[in-house]
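A.B. asks: One structure follows; several queries about it will come next.
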2 protein chains.
Amino acid sequence: MKINKELMKGSTATLVLTLLSKEDMYGYRITQEIKKRSDNTFDMKEGTLYPMLHSLEKDGAVESYWFDTEEGRRRKYYKITDSGREMLNLKQKEWSSFMNAMNSILGEECYG
Amino acid sequence: MKINKELMKGSTATLVLTLLSKEDMYGYRITQEIKKRSDNTFDMKEGTLYPMLHSLEKDGAVESYWFDTEEGRRRKYYKITDSGREMLNLKQKEWSSFMNAMNSILGEECYG
DNA sequence: TCTATATGCCTCGTTATCCTATGTATAGAA
DNA sequence: TTCTATACATAGGATAACGAGGCATATAGA
């Protein structure tokens with residue numbers, strides 16, 4: 001299902017940090033992983049992702065390094081920092097609270 | 001837990017329509033119900049709610065009528081329309097998709 | 001050879017939505 | 001009298017995601 005972009009607001013950093021908490025990744029790969037792992041529900045645009053990565057780096061939540069592949073491509077990898085893991089922990093708790101509050105009002109059952 | 005306001009974006013209409021789908025309500029009461037039913041997680045501001053109600057009315061999702069209480073207060077009640085119920089149905093499905101996609105990536109269990 | 005697609009990075013301006021701040025008014029309590 | 005709760009409303013500011021565009025390289029196909 002296509003998701004209204006307003007619903008995404010406030011959640012993109014959580015998604016990005018979650019992926020980076022498991023593995024260093026470069027921007028383009030992040031967009032692919034989000035699409036794949038959400039079963040095509042999310043389609044994070046580059047115009048959203050790159051400014052977000054720069055913002056996270058500015059805040060010290062991630063660090064970046066360039067890597068040249070054998071095929072001659074340049075990739076900018078991002079790595080989560082300790083500070084970023086703390087931020088992620090908070091954001092996951094926030095998501096959990098938000099979800100529970102929404103479901104309390106909507107009265108929906110939740111299928112993990 | 002206090003929720004980042006960005007997370008609320010795109011969800012306020014769903015909350016309002018959900019309450020109105022069960023019972024006609026006036027604005028001030030809606031803010032109280034949302035706070036109560038979310039266990040104080042949500043605190044919808046009047047500056048958010050009233051423009052939202054007017055917008056929903058303009059779109060034909062709700063209708064309003066004035067009611068004078070015995071104590072001399074004027075209350076503007078809102079009633080959901082058939083069109084509003086359809087809208088709510090779509091928004092609930094959208095929320096469900098969004099939540100499932102988020103949890104797929106975050107890898108969290110969900111407690112209904 | 002030329003073209004299209006996929007990969008890979010980036011930024012600027014638009015848009016939508018929520019909040020803060022403010023205004024009006026009445027009832028009841030301190 | 002003054003404060004709080006109730007009850008409606010709007011204007012302006014902040015912010016985040018997106019659309020659209022730019023730049024560049026590798027590969028596949030016509």
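Following the order of the structure tokens, chains are lettered A, B, ..., residues in each are numbered from 1, and ligands are numbered from 1.
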If chain B is fitted onto chain A by least squares over all C-alpha atoms, taken pair by pair in sequence order, what do its new coordinates look like as a PDB file with C-alpha atoms, in the first residue's frame?
C.D. replies:
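Result file follows (result34.pdb):
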ATOM      1  CA  MET B   1      -0.172  -0.043   0.033  1.00  0.00           C
ATOM      2  CA  LYS B   2       0.903   3.444  -0.768  1.00  0.00           C
ATOM      3  CA  ILE B   3       1.490   5.477   2.379  1.00  0.00           C
ATOM      4  CA  ASN B   4       0.675   9.161   2.769  1.00  0.00           C
ATOM      5  CA  LYS B   5       3.989  10.945   3.102  1.00  0.00           C
ATOM      6  CA  GLU B   6       2.801  12.801   6.186  1.00  0.00           C
ATOM      7  CA  LEU B   7       2.742   9.511   8.059  1.00  0.00           C
ATOM      8  CA  MET B   8       6.461   9.113   7.375  1.00  0.00           C
ATOM      9  CA  LYS B   9       7.361  12.366   9.056  1.00  0.00           C
ATOM     10  CA  GLY B  10       9.332  11.780  12.188  1.00  0.00           C
ATOM     11  CA  SER B  11      10.083   8.159  11.306  1.00  0.00           C
ATOM     12  CA  THR B  12      12.745   8.341   8.629  1.00  0.00           C
ATOM     13  CA  ALA B  13      15.650   8.842  11.030  1.00  0.00           C
ATOM     14  CA  THR B  14      14.470   5.845  13.024  1.00  0.00           C
ATOM     15  CA  LEU B  15      14.429   3.682   9.907  1.00  0.00           C
ATOM     16  CA  VAL B  16      17.877   4.814   8.777  1.00  0.00           C
ATOM     17  CA  LEU B  17      19.470   4.377  12.196  1.00  0.00           C
ATOM     18  CA  THR B  18      17.895   0.946  12.564  1.00  0.00           C
ATOM     19  CA  LEU B  19      19.512  -0.257   9.338  1.00  0.00           C
ATOM     20  CA  LEU B  20      22.851   1.272  10.254  1.00  0.00           C
ATOM     21  CA  SER B  21      22.728  -0.334  13.694  1.00  0.00           C
ATOM     22  CA  LYS B  22      23.048  -3.709  11.991  1.00  0.00           C
ATOM     23  CA  GLU B  23      25.508  -2.935   9.204  1.00  0.00           C
ATOM     24  CA  ASP B  24      27.408  -0.054   7.642  1.00  0.00           C
ATOM     25  CA  MET B  25      25.593   1.075   4.498  1.00  0.00           C
ATOM     26  CA  TYR B  26      25.771   3.654   1.725  1.00  0.00           C
ATOM     27  CA  GLY B  27      22.866   5.864   0.783  1.00  0.00           C
ATOM     28  CA  TYR B  28      21.588   4.179  -2.338  1.00  0.00           C
ATOM     29  CA  ARG B  29      21.642   0.805  -0.614  1.00  0.00           C
ATOM     30  CA  ILE B  30      19.612   2.203   2.281  1.00  0.00           C
ATOM     31  CA  THR B  31      16.804   3.217  -0.066  1.00  0.00           C
ATOM     32  CA  GLN B  32      16.787  -0.290  -1.560  1.00  0.00           C
ATOM     33  CA  GLU B  33      16.796  -2.016   1.808  1.00  0.00           C
ATOM     34  CA  ILE B  34      13.943   0.089   3.142  1.00  0.00           C
ATOM     35  CA  LYS B  35      11.864  -0.713   0.088  1.00  0.00           C
ATOM     36  CA  LYS B  36      12.674  -4.410   0.293  1.00  0.00           C
ATOM     37  CA  ARG B  37      12.251  -4.882   4.036  1.00  0.00           C
ATOM     38  CA  SER B  38       8.946  -2.989   4.053  1.00  0.00           C
ATOM     39  CA  ASP B  39       7.665  -5.146   1.190  1.00  0.00           C
ATOM     40  CA  ASN B  40       7.474  -2.070  -1.082  1.00  0.00           C
ATOM     41  CA  THR B  41       5.348  -0.080   1.357  1.00  0.00           C
ATOM     42  CA  PHE B  42       8.074   2.495   1.864  1.00  0.00           C
ATOM     43  CA  ASP B  43       9.903   4.197  -0.968  1.00  0.00           C
ATOM     44  CA  MET B  44      12.274   6.664   0.629  1.00  0.00           C
ATOM     45  CA  LYS B  45      13.345   9.285  -1.872  1.00  0.00           C
ATOM     46  CA  GLU B  46      16.933  10.400  -2.289  1.00  0.00           C
ATOM     47  CA  GLY B  47      15.800  13.949  -1.703  1.00  0.00           C
ATOM     48  CA  THR B  48      14.742  12.746   1.730  1.00  0.00           C
ATOM     49  CA  LEU B  49      17.566  10.357   2.544  1.00  0.00           C
ATOM     50  CA  TYR B  50      20.687  12.348   1.706  1.00  0.00           C
ATOM     51  CA  PRO B  51      19.757  15.457   3.688  1.00  0.00           C
ATOM     52  CA  MET B  52      18.776  13.140   6.564  1.00  0.00           C
ATOM     53  CA  LEU B  53      22.178  11.390   6.489  1.00  0.00           C
ATOM     54  CA  HIS B  54      23.974  14.733   6.457  1.00  0.00           C
ATOM     55  CA  SER B  55      21.871  15.912   9.345  1.00  0.00           C
ATOM     56  CA  LEU B  56      22.558  12.750  11.368  1.00  0.00           C
ATOM     57  CA  GLU B  57      26.280  13.170  10.688  1.00  0.00           C
ATOM     58  CA  LYS B  58      26.179  16.793  11.777  1.00  0.00           C
ATOM     59  CA  ASP B  59      24.495  15.665  15.005  1.00  0.00           C
ATOM     60  CA  GLY B  60      27.140  13.022  15.595  1.00  0.00           C
ATOM     61  CA  ALA B  61      24.782  10.072  15.228  1.00  0.00           C
ATOM     62  CA  VAL B  62      26.656   8.645  12.251  1.00  0.00           C
ATOM     63  CA  GLU B  63      30.092   8.895  10.653  1.00  0.00           C
ATOM     64  CA  SER B  64      30.946   8.472   6.994  1.00  0.00           C
ATOM     65  CA  TYR B  65      33.832   7.174   4.919  1.00  0.00           C
ATOM     66  CA  TRP B  66      34.401   6.768   1.193  1.00  0.00           C
ATOM     67  CA  PHE B  67      34.950   3.389  -0.364  1.00  0.00           C
ATOM     68  CA  ASP B  68      35.930   2.612  -3.945  1.00  0.00           C
ATOM     69  CA  THR B  69      34.607  -0.624  -5.383  1.00  0.00           C
ATOM     70  CA  GLU B  70      36.513  -2.767  -7.878  1.00  0.00           C
ATOM     71  CA  GLU B  71      34.041  -1.771 -10.581  1.00  0.00           C
ATOM     72  CA  GLY B  72      35.110   1.821 -10.185  1.00  0.00           C
ATOM     73  CA  ARG B  73      32.145   3.152  -8.196  1.00  0.00           C
ATOM     74  CA  ARG B  74      32.490   5.543  -5.294  1.00  0.00           C
ATOM     75  CA  ARG B  75      30.302   4.836  -2.327  1.00  0.00           C
ATOM     76  CA  LYS B  76      29.933   6.861   0.826  1.00  0.00           C
ATOM     77  CA  TYR B  77      29.374   4.480   3.704  1.00  0.00           C
ATOM     78  CA  TYR B  78      27.736   5.495   6.953  1.00  0.00           C
ATOM     79  CA  LYS B  79      28.470   3.989  10.348  1.00  0.00           C
ATOM     80  CA  ILE B  80      26.374   4.503  13.464  1.00  0.00           C
ATOM     81  CA  THR B  81      28.115   5.967  16.545  1.00  0.00           C
ATOM     82  CA  ASP B  82      27.514   5.250  20.218  1.00  0.00           C
ATOM     83  CA  SER B  83      25.594   8.479  20.375  1.00  0.00           C
ATOM     84  CA  GLY B  84      23.543   7.328  17.404  1.00  0.00           C
ATOM     85  CA  ARG B  85      22.693   4.090  19.185  1.00  0.00           C
ATOM     86  CA  GLU B  86      21.414   6.034  22.151  1.00  0.00           C
ATOM     87  CA  MET B  87      19.339   8.182  19.829  1.00  0.00           C
ATOM     88  CA  LEU B  88      17.960   5.078  18.159  1.00  0.00           C
ATOM     89  CA  ASN B  89      17.052   3.571  21.496  1.00  0.00           C
ATOM     90  CA  LEU B  90      15.033   6.663  22.390  1.00  0.00           C
ATOM     91  CA  LYS B  91      13.365   6.765  18.991  1.00  0.00           C
ATOM     92  CA  GLN B  92      12.382   3.122  19.213  1.00  0.00           C
ATOM     93  CA  LYS B  93      10.815   3.706  22.618  1.00  0.00           C
ATOM     94  CA  GLU B  94       9.001   6.714  21.212  1.00  0.00           C
ATOM     95  CA  TRP B  95       7.699   4.678  18.295  1.00  0.00           C
ATOM     96  CA  SER B  96       6.502   1.992  20.672  1.00  0.00           C
ATOM     97  CA  SER B  97       4.616   4.538  22.797  1.00  0.00           C
ATOM     98  CA  PHE B  98       3.140   6.162  19.738  1.00  0.00           C
ATOM     99  CA  MET B  99       1.991   2.856  18.278  1.00  0.00           C
ATOM    100  CA  ASN B 100       0.416   1.701  21.524  1.00  0.00           C
ATOM    101  CA  ALA B 101      -1.407   4.995  21.992  1.00  0.00           C
ATOM    102  CA  MET B 102      -2.714   4.921  18.434  1.00  0.00           C
ATOM    103  CA  ASN B 103      -3.945   1.364  18.821  1.00  0.00           C
ATOM    104  CA  SER B 104      -5.579   2.177  22.135  1.00  0.00           C
ATOM    105  CA  ILE B 105      -7.744   4.721  20.384  1.00  0.00           C
ATOM    106  CA  LEU B 106      -8.250   2.873  17.114  1.00  0.00           C
ATOM    107  CA  GLY B 107      -9.015  -0.282  19.045  1.00  0.00           C
ATOM    108  CA  GLU B 108      -7.109  -2.413  16.593  1.00  0.00           C
ATOM    109  CA  GLU B 109      -5.447  -5.686  17.244  1.00  0.00           C
ATOM    110  CA  CYS B 110      -1.794  -5.773  16.396  1.00  0.00           C
ATOM    111  CA  TYR B 111      -0.161  -8.492  14.384  1.00  0.00           C
ATOM    112  CA  GLY B 112       3.583  -8.525  15.208  1.00  0.00           C
TER     113      GLY B 112
END
A.B. asks: Taking the DSSP secondary structure from the backbone, can you list the residues of chain B that are strand (DSSP E), as a list of chain:residue names?
C.D. replies: B:Met25, B:Tyr26, B:Val62, B:Glu63, B:Ser64, B:Tyr65, B:Trp66, B:Phe67, B:Asp68, B:Arg74, B:Arg75, B:Lys76, B:Tyr77, B:Tyr78, B:Lys79, B:Ile80
A.B. asks: How many Å separate C1' of DC12 in chain C from C1' of DA16 in chain D?
C.D. replies: 14.6 Å
A.B. asks: Using only C-alpha atoms (C1' of nucleotides), select each residue of chain C with any atom at most 10 Å away from an atom of chain A, and give the selection as a VMD selection string.
C.D. replies: chain C and resid 7 to 11 16 to 17
A.B. asks: So, with only C-alpha atoms (C1' of nucleotides) as the atoms that count, which of D:DA24, D:DA7, D:DA30, D:DA17 lies closest to DT14 in chain C?
C.D. replies: D:DA17
A.B. asks: Please check the contacts: residues of chain D at most 12 Å away from chain B, using only C-alpha atoms (C1' of nucleotides), listed as a tab-separated table (two decimals) with C-alpha atoms (C1' of nucleotides), in the first residue's frame.
C.D. replies:
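Below is the file that was written, selection-v4.tsv:
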chain	number	residue	atom	x	y	z
D	5	DA	C1'	-11.72	25.18	33.40
D	6	DT	C1'	-14.57	25.21	29.59
D	7	DA	C1'	-15.40	26.40	24.67
D	8	DC	C1'	-14.76	28.43	20.26
D	9	DA	C1'	-11.45	30.44	16.71
D	10	DT	C1'	-7.32	32.22	13.66
D	11	DA	C1'	-2.57	33.96	12.19
D	12	DG	C1'	2.04	33.05	11.73
D	14	DA	C1'	8.68	25.90	12.13
D	15	DT	C1'	9.92	21.68	10.01
D	16	DA	C1'	10.18	17.53	7.38
D	17	DA	C1'	9.36	14.96	3.18
A.B. asks: With only C-alpha atoms (C1' of nucleotides) as the counted atoms, please give the residues lying no more than 12 Å from DT5 in chain C, apart from itself and same-chain residues fewer than 2 positions off, as a PDB file with N, CA and C atoms (P, O5', C5', C4', C3', O3' and C1' of nucleotides), in the first residue's frame.
C.D. replies:
ATOM      1  P    DT C   3      21.348   9.059 -29.451  1.00  0.00           P
ATOM      2  O5'  DT C   3      20.650   8.021 -28.483  1.00  0.00           O
ATOM      3  C5'  DT C   3      19.993   6.874 -29.028  1.00  0.00           C
ATOM      4  C4'  DT C   3      19.488   5.993 -27.907  1.00  0.00           C
ATOM      5  C3'  DT C   3      18.972   6.762 -26.685  1.00  0.00           C
ATOM      6  O3'  DT C   3      17.691   6.257 -26.358  1.00  0.00           O
ATOM      7  C1'  DT C   3      20.529   5.101 -26.010  1.00  0.00           C
ATOM      8  P    DT C   7      20.103  -0.883  -9.455  1.00  0.00           P
ATOM      9  O5'  DT C   7      21.386   0.044  -9.249  1.00  0.00           O
ATOM     10  C5'  DT C   7      22.660  -0.443  -9.682  1.00  0.00           C
ATOM     11  C4'  DT C   7      23.683   0.661  -9.635  1.00  0.00           C
ATOM     12  C3'  DT C   7      23.918   1.275  -8.243  1.00  0.00           C
ATOM     13  O3'  DT C   7      25.275   1.059  -7.905  1.00  0.00           O
ATOM     14  C1'  DT C   7      23.800   2.950  -9.908  1.00  0.00           C
TER      15       DT C   7
ATOM     16  P    DA D  26      33.281   3.672 -15.164  1.00  0.00           P
ATOM     17  O5'  DA D  26      32.121   2.585 -15.159  1.00  0.00           O
ATOM     18  C5'  DA D  26      31.705   1.980 -13.925  1.00  0.00           C
ATOM     19  C4'  DA D  26      30.601   0.979 -14.207  1.00  0.00           C
ATOM     20  C3'  DA D  26      30.916   0.001 -15.340  1.00  0.00           C
ATOM     21  O3'  DA D  26      30.552  -1.312 -14.916  1.00  0.00           O
ATOM     22  C1'  DA D  26      28.873   1.155 -15.788  1.00  0.00           C
ATOM     23  P    DT D  27      30.932  -2.585 -15.832  1.00  0.00           P
ATOM     24  O5'  DT D  27      29.536  -2.939 -16.490  1.00  0.00           O
ATOM     25  C5'  DT D  27      28.367  -2.967 -15.674  1.00  0.00           C
ATOM     26  C4'  DT D  27      27.132  -3.116 -16.556  1.00  0.00           C
ATOM     27  C3'  DT D  27      27.305  -4.056 -17.749  1.00  0.00           C
ATOM     28  O3'  DT D  27      26.209  -4.944 -17.790  1.00  0.00           O
ATOM     29  C1'  DT D  27      26.373  -2.017 -18.458  1.00  0.00           C
ATOM     30  P    DA D  28      26.284  -6.369 -18.588  1.00  0.00           P
ATOM     31  O5'  DA D  28      24.895  -6.365 -19.350  1.00  0.00           O
ATOM     32  C5'  DA D  28      23.760  -5.729 -18.747  1.00  0.00           C
ATOM     33  C4'  DA D  28      22.806  -5.249 -19.833  1.00  0.00           C
ATOM     34  C3'  DA D  28      22.782  -6.127 -21.084  1.00  0.00           C
ATOM     35  O3'  DA D  28      21.433  -6.485 -21.365  1.00  0.00           O
ATOM     36  C1'  DA D  28      23.125  -3.861 -21.691  1.00  0.00           C
ATOM     37  P    DG D  29      21.049  -7.520 -22.551  1.00  0.00           P
ATOM     38  O5'  DG D  29      20.399  -6.557 -23.632  1.00  0.00           O
ATOM     39  C5'  DG D  29      19.507  -5.531 -23.195  1.00  0.00           C
ATOM     40  C4'  DG D  29      19.199  -4.585 -24.361  1.00  0.00           C
ATOM     41  C3'  DG D  29      19.045  -5.291 -25.718  1.00  0.00           C
ATOM     42  O3'  DG D  29      17.933  -4.715 -26.387  1.00  0.00           O
ATOM     43  C1'  DG D  29      20.684  -3.601 -25.886  1.00  0.00           C
TER      44       DG D  29
END
